[in-house]
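**Student:** What follows is the file input14.json, containing JSON, C-alpha atoms:
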[["chain", "number", "residue", "atom", "x", "y", "z"],
["V", 16, "MET", "CA", 84.91, 120.35, 102.47],
["V", 17, "GLY", "CA", 84.57, 120.07, 98.69],
["V", 18, "GLN", "CA", 85.57, 122.84, 96.38],
["V", 19, "THR", "CA", 82.69, 124.90, 95.00],
["V", 20, "THR", "CA", 82.62, 124.97, 91.25],
["V", 21, "PHE", "CA", 81.11, 127.74, 89.17],
["V", 22, "ASP", "CA", 81.55, 126.04, 85.81],
["V", 23, "ASP", "CA", 78.54, 126.74, 83.60],
["V", 24, "GLU", "CA", 78.15, 123.09, 82.57],
["V", 25, "ASP", "CA", 78.27, 121.90, 86.17],
["V", 26, "LEU", "CA", 75.76, 124.53, 87.25],
["V", 27, "PHE", "CA", 73.48, 123.71, 84.33],
["V", 28, "GLY", "CA", 73.63, 120.00, 85.13],
["V", 29, "GLU", "CA", 72.84, 120.71, 88.77],
["V", 30, "ALA", "CA", 69.95, 122.99, 87.82],
["V", 31, "ALA", "CA", 68.61, 120.34, 85.41],
["V", 32, "ASP", "CA", 68.73, 117.70, 88.16],
["V", 33, "GLU", "CA", 66.89, 120.02, 90.55],
["V", 34, "MET", "CA", 64.30, 120.84, 87.91],
["V", 35, "ARG", "CA", 63.72, 117.15, 87.17],
["V", 36, "ALA", "CA", 63.36, 116.49, 90.90],
["V", 37, "ASP", "CA", 60.80, 119.32, 91.13],
["V", 38, "VAL", "CA", 58.80, 117.88, 88.23],
["V", 39, "GLU", "CA", 58.86, 114.41, 89.77],
["V", 40, "THR", "CA", 57.84, 115.80, 93.18],
["V", 41, "HIS", "CA", 54.86, 117.64, 91.67],
["V", 42, "LEU", "CA", 53.83, 114.58, 89.65],
["V", 43, "GLU", "CA", 53.99, 112.45, 92.79],
["V", 44, "ALA", "CA", 51.91, 115.01, 94.71],
["V", 45, "ALA", "CA", 49.38, 115.13, 91.87],
["V", 46, "ARG", "CA", 49.02, 111.34, 91.88],
["V", 47, "ALA", "CA", 48.66, 111.35, 95.66],
["V", 48, "SER", "CA", 45.84, 113.93, 95.38],
["V", 49, "LEU", "CA", 43.80, 111.77, 93.02],
["V", 50, "PRO", "CA", 40.88, 109.75, 94.39],
["V", 51, "THR", "CA", 41.50, 106.08, 95.09],
["V", 52, "ALA", "CA", 39.96, 103.44, 92.87],
["V", 53, "SER", "CA", 37.89, 102.07, 95.76],
["V", 54, "SER", "CA", 36.49, 105.51, 96.62],
["V", 55, "VAL", "CA", 35.14, 105.79, 93.09],
["V", 56, "TRP", "CA", 33.91, 102.20, 92.90],
["V", 57, "GLU", "CA", 32.40, 101.46, 96.32],
["V", 58, "THR", "CA", 29.41, 103.10, 98.00],
["V", 59, "ASP", "CA", 27.46, 102.92, 101.23],
["V", 60, "ALA", "CA", 24.50, 104.87, 99.87],
["V", 61, "ASP", "CA", 20.90, 103.93, 100.55],
["V", 62, "ASN", "CA", 19.59, 105.26, 97.24],
["V", 63, "VAL", "CA", 20.67, 106.40, 93.80],
["V", 64, "LEU", "CA", 20.94, 110.06, 94.77],
["V", 65, "GLY", "CA", 23.18, 109.17, 97.71],
["V", 66, "ALA", "CA", 25.33, 107.02, 95.43],
["V", 67, "LEU", "CA", 25.59, 109.82, 92.87],
["V", 68, "ASN", "CA", 26.50, 112.40, 95.52],
["V", 69, "GLY", "CA", 29.12, 110.04, 96.93],
["V", 70, "LEU", "CA", 30.54, 109.38, 93.49],
["V", 71, "ARG", "CA", 30.61, 113.06, 92.67],
["V", 72, "SER", "CA", 32.59, 113.74, 95.84],
["V", 73, "ALA", "CA", 34.90, 110.81, 95.13],
["V", 74, "LEU", "CA", 35.66, 112.13, 91.64],
["V", 75, "ASP", "CA", 37.02, 115.40, 93.04],
["V", 76, "THR", "CA", 40.62, 115.81, 91.87],
["V", 77, "GLY", "CA", 41.65, 117.88, 94.89],
["V", 78, "ASP", "CA", 45.05, 119.49, 94.46],
["V", 79, "ALA", "CA", 46.01, 117.21, 91.55],
["V", 80, "VAL", "CA", 45.24, 119.88, 88.94],
["V", 81, "GLU", "CA", 47.47, 122.47, 90.58],
["V", 82, "GLU", "CA", 50.27, 119.97, 91.19],
["V", 83, "LEU", "CA", 50.12, 118.85, 87.56],
["V", 84, "ARG", "CA", 50.21, 122.48, 86.46],
["V", 85, "GLN", "CA", 53.35, 123.08, 88.53],
["V", 86, "ALA", "CA", 54.99, 119.92, 87.17],
["V", 87, "LYS", "CA", 54.15, 120.93, 83.62],
["V", 88, "LYS", "CA", 55.50, 124.47, 84.12],
["V", 89, "GLN", "CA", 58.79, 123.12, 85.45],
["V", 90, "TYR", "CA", 58.98, 120.59, 82.64],
["V", 91, "VAL", "CA", 58.32, 123.16, 79.91],
["V", 92, "MET", "CA", 60.97, 125.47, 81.34],
["V", 93, "GLY", "CA", 63.49, 122.64, 81.54],
["V", 94, "GLU", "CA", 62.60, 121.34, 78.10],
["V", 95, "ARG", "CA", 63.05, 124.73, 76.47],
["V", 96, "ALA", "CA", 66.36, 125.13, 78.25],
["V", 97, "GLY", "CA", 67.44, 121.75, 76.93],
["V", 98, "ALA", "CA", 67.64, 120.23, 80.40],
["V", 99, "PHE", "CA", 65.48, 117.24, 79.47],
["V", 100, "ASP", "CA", 67.02, 116.29, 76.13],
["V", 101, "GLU", "CA", 66.11, 112.76, 75.11],
["V", 102, "ASP", "CA", 63.87, 112.38, 78.14],
["V", 103, "ASP", "CA", 60.41, 111.38, 77.00],
["V", 104, "GLU", "CA", 59.62, 109.57, 80.25],
["V", 105, "LEU", "CA", 58.59, 112.74, 82.08],
["V", 106, "ALA", "CA", 56.57, 113.98, 79.11],
["V", 107, "ASP", "CA", 54.76, 110.62, 78.96],
["V", 108, "GLU", "CA", 54.01, 110.74, 82.71],
["V", 109, "ILE", "CA", 52.67, 114.29, 82.42],
["V", 110, "GLU", "CA", 50.51, 113.37, 79.42],
["V", 111, "ALA", "CA", 49.09, 110.26, 81.12],
["V", 112, "LEU", "CA", 48.28, 112.16, 84.30],
["V", 113, "GLU", "CA", 46.74, 115.02, 82.34],
["V", 114, "SER", "CA", 44.52, 112.56, 80.46],
["V", 115, "LEU", "CA", 43.43, 110.87, 83.71],
["V", 116, "ILE", "CA", 42.58, 114.21, 85.32],
["V", 117, "GLU", "CA", 40.54, 115.25, 82.27],
["V", 118, "THR", "CA", 38.63, 111.96, 82.45],
["V", 119, "LEU", "CA", 37.95, 112.50, 86.16],
["V", 120, "GLU", "CA", 36.75, 116.05, 85.54],
["V", 121, "ASP", "CA", 34.45, 114.88, 82.71],
["V", 122, "ALA", "CA", 33.02, 112.13, 84.90],
["V", 123, "HIS", "CA", 32.56, 114.60, 87.77],
["V", 124, "GLU", "CA", 30.59, 116.90, 85.46],
["V", 125, "GLN", "CA", 28.43, 114.06, 84.11],
["V", 126, "VAL", "CA", 27.64, 112.79, 87.61],
["V", 127, "GLY", "CA", 26.80, 116.37, 88.64],
["V", 128, "GLU", "CA", 24.30, 116.56, 85.81],
["V", 129, "LEU", "CA", 22.76, 113.24, 86.85],
["V", 130, "THR", "CA", 22.62, 114.42, 90.46],
["V", 131, "SER", "CA", 20.33, 117.25, 89.41],
["V", 132, "THR", "CA", 18.41, 115.22, 86.80],
["V", 133, "VAL", "CA", 17.52, 112.15, 88.86],
["V", 134, "PRO", "CA", 15.44, 113.96, 91.55],
["V", 135, "ALA", "CA", 13.50, 115.84, 88.86],
["V", 136, "LEU", "CA", 12.95, 112.57, 86.99],
["V", 137, "ARG", "CA", 11.76, 110.88, 90.18],
["V", 138, "SER", "CA", 9.28, 113.70, 90.78],
["V", 139, "GLN", "CA", 7.98, 113.49, 87.22],
["V", 140, "LEU", "CA", 7.56, 109.72, 87.50],
["V", 141, "GLU", "CA", 5.73, 110.08, 90.80],
["V", 142, "ASP", "CA", 3.40, 112.64, 89.20],
["V", 143, "ALA", "CA", 2.80, 110.41, 86.18],
["V", 144, "HIS", "CA", 1.97, 107.41, 88.36],
["V", 145, "SER", "CA", -0.17, 109.54, 90.67],
["V", 146, "GLU", "CA", -2.18, 110.78, 87.68],
["V", 147, "ALA", "CA", -2.53, 107.21, 86.42],
["V", 148, "ASP", "CA", -3.69, 106.07, 89.86],
["V", 149, "ASP", "CA", -6.18, 108.96, 90.00],
["V", 150, "ALA", "CA", -7.50, 108.04, 86.55],
["V", 151, "ASP", "CA", -7.86, 104.38, 87.61],
["V", 152, "ALA", "CA", -9.64, 105.42, 90.81],
["V", 153, "ASP", "CA", -12.00, 107.69, 88.82],
["V", 154, "ALA", "CA", -12.74, 104.87, 86.38],
["V", 155, "GLU", "CA", -13.39, 102.49, 89.25],
["V", 156, "THR", "CA", -15.73, 104.99, 90.91],
["V", 157, "ASP", "CA", -17.58, 105.52, 87.62],
["V", 158, "ALA", "CA", -17.90, 101.76, 87.14],
["V", 159, "GLU", "CA", -19.26, 101.35, 90.65],
["V", 160, "ALA", "CA", -21.75, 104.19, 90.08],
["V", 161, "ASP", "CA", -22.85, 102.62, 86.78],
["V", 162, "ALA", "CA", -23.29, 99.27, 88.50],
["V", 163, "GLU", "CA", -25.38, 100.86, 91.26],
["V", 164, "ASP", "CA", -27.51, 102.66, 88.66],
["V", 165, "GLY", "CA", -28.03, 99.35, 86.88],
["V", 166, "ASP", "CA", -29.04, 97.65, 90.14],
["V", 167, "ALA", "CA", -31.47, 100.48, 90.92],
["V", 168, "GLY", "CA", -33.01, 100.22, 87.45],
["V", 169, "GLU", "CA", -33.59, 96.46, 87.85],
["V", 170, "ALA", "CA", -35.17, 96.98, 91.29],
["V", 171, "GLU", "CA", -37.72, 99.42, 89.78],
["V", 172, "ALA", "CA", -38.70, 97.04, 87.05]]
Could you spell out this file's structure in structure tokens?
**Tutor:**
Amino acid sequence: MGQTTFDDEDLFGEAADEMRADVETHLEAARASLPTASSVWETDADNVLGALNGLRSALDTGDAVEELRQAKKQYVMGERAGAFDEDDELADEIEALESLIETLEDAHEQVGELTSTVPALRSQLEDAHSEADDADADAETDAEADAEDGDAGEAEA
């Protein structure tokens, strides 16, 4: 059995290693919680609304936000304690993942807006075309009535 050491430097080094491992574990969990590229790209929807709803669901970040938050908290604590001196790799990974999550959240919001806009737009277009069809039908009826009146006038003469 090895001898336990209580040297401050050894303990600090051990704590720094554990903290780095925690950060890496949370970053890995955050990446695993992200949607897959194919779930965002592919669809089985029958219409635009179905595609938008599927995309909106696919853009959900799940637990990635909370995992990134935990990773960042551990990193900040370790950084302030000097445990990650000259270690920009973790900071770069955190920044890249944070940027990706922000992009996903923005896209999720935009798709959500489209999901509510498209049905209203469809309804408005249906109304506009219905009104145009009604106007065409009225014009056709008026033209037929005028033609019948013209035929009746010729028959009297």
**Student:** What is the CA of Tyr90 in chain V to CA of Asp23 in chain V distance in Å?
**Tutor:**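 CA of Asp23 in chain V lies at a distance of 20.5 Å from CA of Tyr90 in chain V.
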**Student:** Looking at V:Ala147, V:Val63, V:Ala98, V:Leu74, which one is nearest to Leu129 in chain V, with distances taken over all atoms listed in the file?
**Tutor:**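 Of the candidates, the smallest distance to Leu129 in chain V is held by V:Val63.
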**Student:** Check the smallest atom-to-atom distance from each of V:Asp61, V:Glu101, V:Glu113, V:Glu94 to Glu82 in chain V using only C-alpha atoms, then report the winner.
**Tutor:** V:Glu113
**Student:** For Glu124 in chain V, find every residue with an atom within 10 Å (counting all atoms listed in the file), except residues of its own chain fewer than 6 positions away, and show them as a list in words.
**Tutor:** Arg71, Leu74, Thr118 and Thr130 of chain V
**Student:** Would you list the contacts of Gly77 in chain V as number ranges by chain, taking every protein, DNA or RNA residue within 9 Å and counting only C-alpha atoms, but skipping same-chain residues closer than 3 positions in sequence?
**Tutor:** V: 45, 48-50, 74, 80-81
**Student:** At a cut-off of 12 Å, using all atoms listed in the file, what residues contact Val126 in chain V? Leave out same-chain residues fewer than 3 positions from it and give the result as number ranges by chain.
**Tutor:** V: 55, 63-75, 119-123, 129-133
**Student:** Once you have the residues from the selection above, write them out as a PDB file, in the frame of the given file, restricted to C-alpha atoms.
**Tutor:**
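The resulting file, part21.pdb, is reproduced below:
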ATOM      1  CA  VAL V  55      35.140 105.790  93.090  1.00  0.00           C
ATOM      2  CA  VAL V  63      20.670 106.400  93.800  1.00  0.00           C
ATOM      3  CA  LEU V  64      20.940 110.060  94.770  1.00  0.00           C
ATOM      4  CA  GLY V  65      23.180 109.170  97.710  1.00  0.00           C
ATOM      5  CA  ALA V  66      25.330 107.020  95.430  1.00  0.00           C
ATOM      6  CA  LEU V  67      25.590 109.820  92.870  1.00  0.00           C
ATOM      7  CA  ASN V  68      26.500 112.400  95.520  1.00  0.00           C
ATOM      8  CA  GLY V  69      29.120 110.040  96.930  1.00  0.00           C
ATOM      9  CA  LEU V  70      30.540 109.380  93.490  1.00  0.00           C
ATOM     10  CA  ARG V  71      30.610 113.060  92.670  1.00  0.00           C
ATOM     11  CA  SER V  72      32.590 113.740  95.840  1.00  0.00           C
ATOM     12  CA  ALA V  73      34.900 110.810  95.130  1.00  0.00           C
ATOM     13  CA  LEU V  74      35.660 112.130  91.640  1.00  0.00           C
ATOM     14  CA  ASP V  75      37.020 115.400  93.040  1.00  0.00           C
ATOM     15  CA  LEU V 119      37.950 112.500  86.160  1.00  0.00           C
ATOM     16  CA  GLU V 120      36.750 116.050  85.540  1.00  0.00           C
ATOM     17  CA  ASP V 121      34.450 114.880  82.710  1.00  0.00           C
ATOM     18  CA  ALA V 122      33.020 112.130  84.900  1.00  0.00           C
ATOM     19  CA  HIS V 123      32.560 114.600  87.770  1.00  0.00           C
ATOM     20  CA  LEU V 129      22.760 113.240  86.850  1.00  0.00           C
ATOM     21  CA  THR V 130      22.620 114.420  90.460  1.00  0.00           C
ATOM     22  CA  SER V 131      20.330 117.250  89.410  1.00  0.00           C
ATOM     23  CA  THR V 132      18.410 115.220  86.800  1.00  0.00           C
ATOM     24  CA  VAL V 133      17.520 112.150  88.860  1.00  0.00           C
TER      25      VAL V 133
END
**Student:** Would you mind reading off the distance between CA of Glu43 in chain V and CA of Arg95 in chain V, one decimal, in Å?
**Tutor:**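 Result for CA of Glu43 in chain V versus CA of Arg95 in chain V: 22.3 Å, one decimal.
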**Student:** Give me, as an MDAnalysis selection string, all polymer residues having an atom no more than 12 Å from range 38-40 of chain V, counting only C-alpha atoms and skipping those fewer than 5 positions away in the same chain.
**Tutor:** chainID V and resid 31:33 45:47 82:94 99 104:106 108:109
**Student:** Quick check, in Å to one decimal: how far apart do CA of Gly28 in chain V and CA of Ala79 in chain V lie?
**Tutor:**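 Taking CA of Gly28 in chain V and CA of Ala79 in chain V, their separation equals 28.5 Å.
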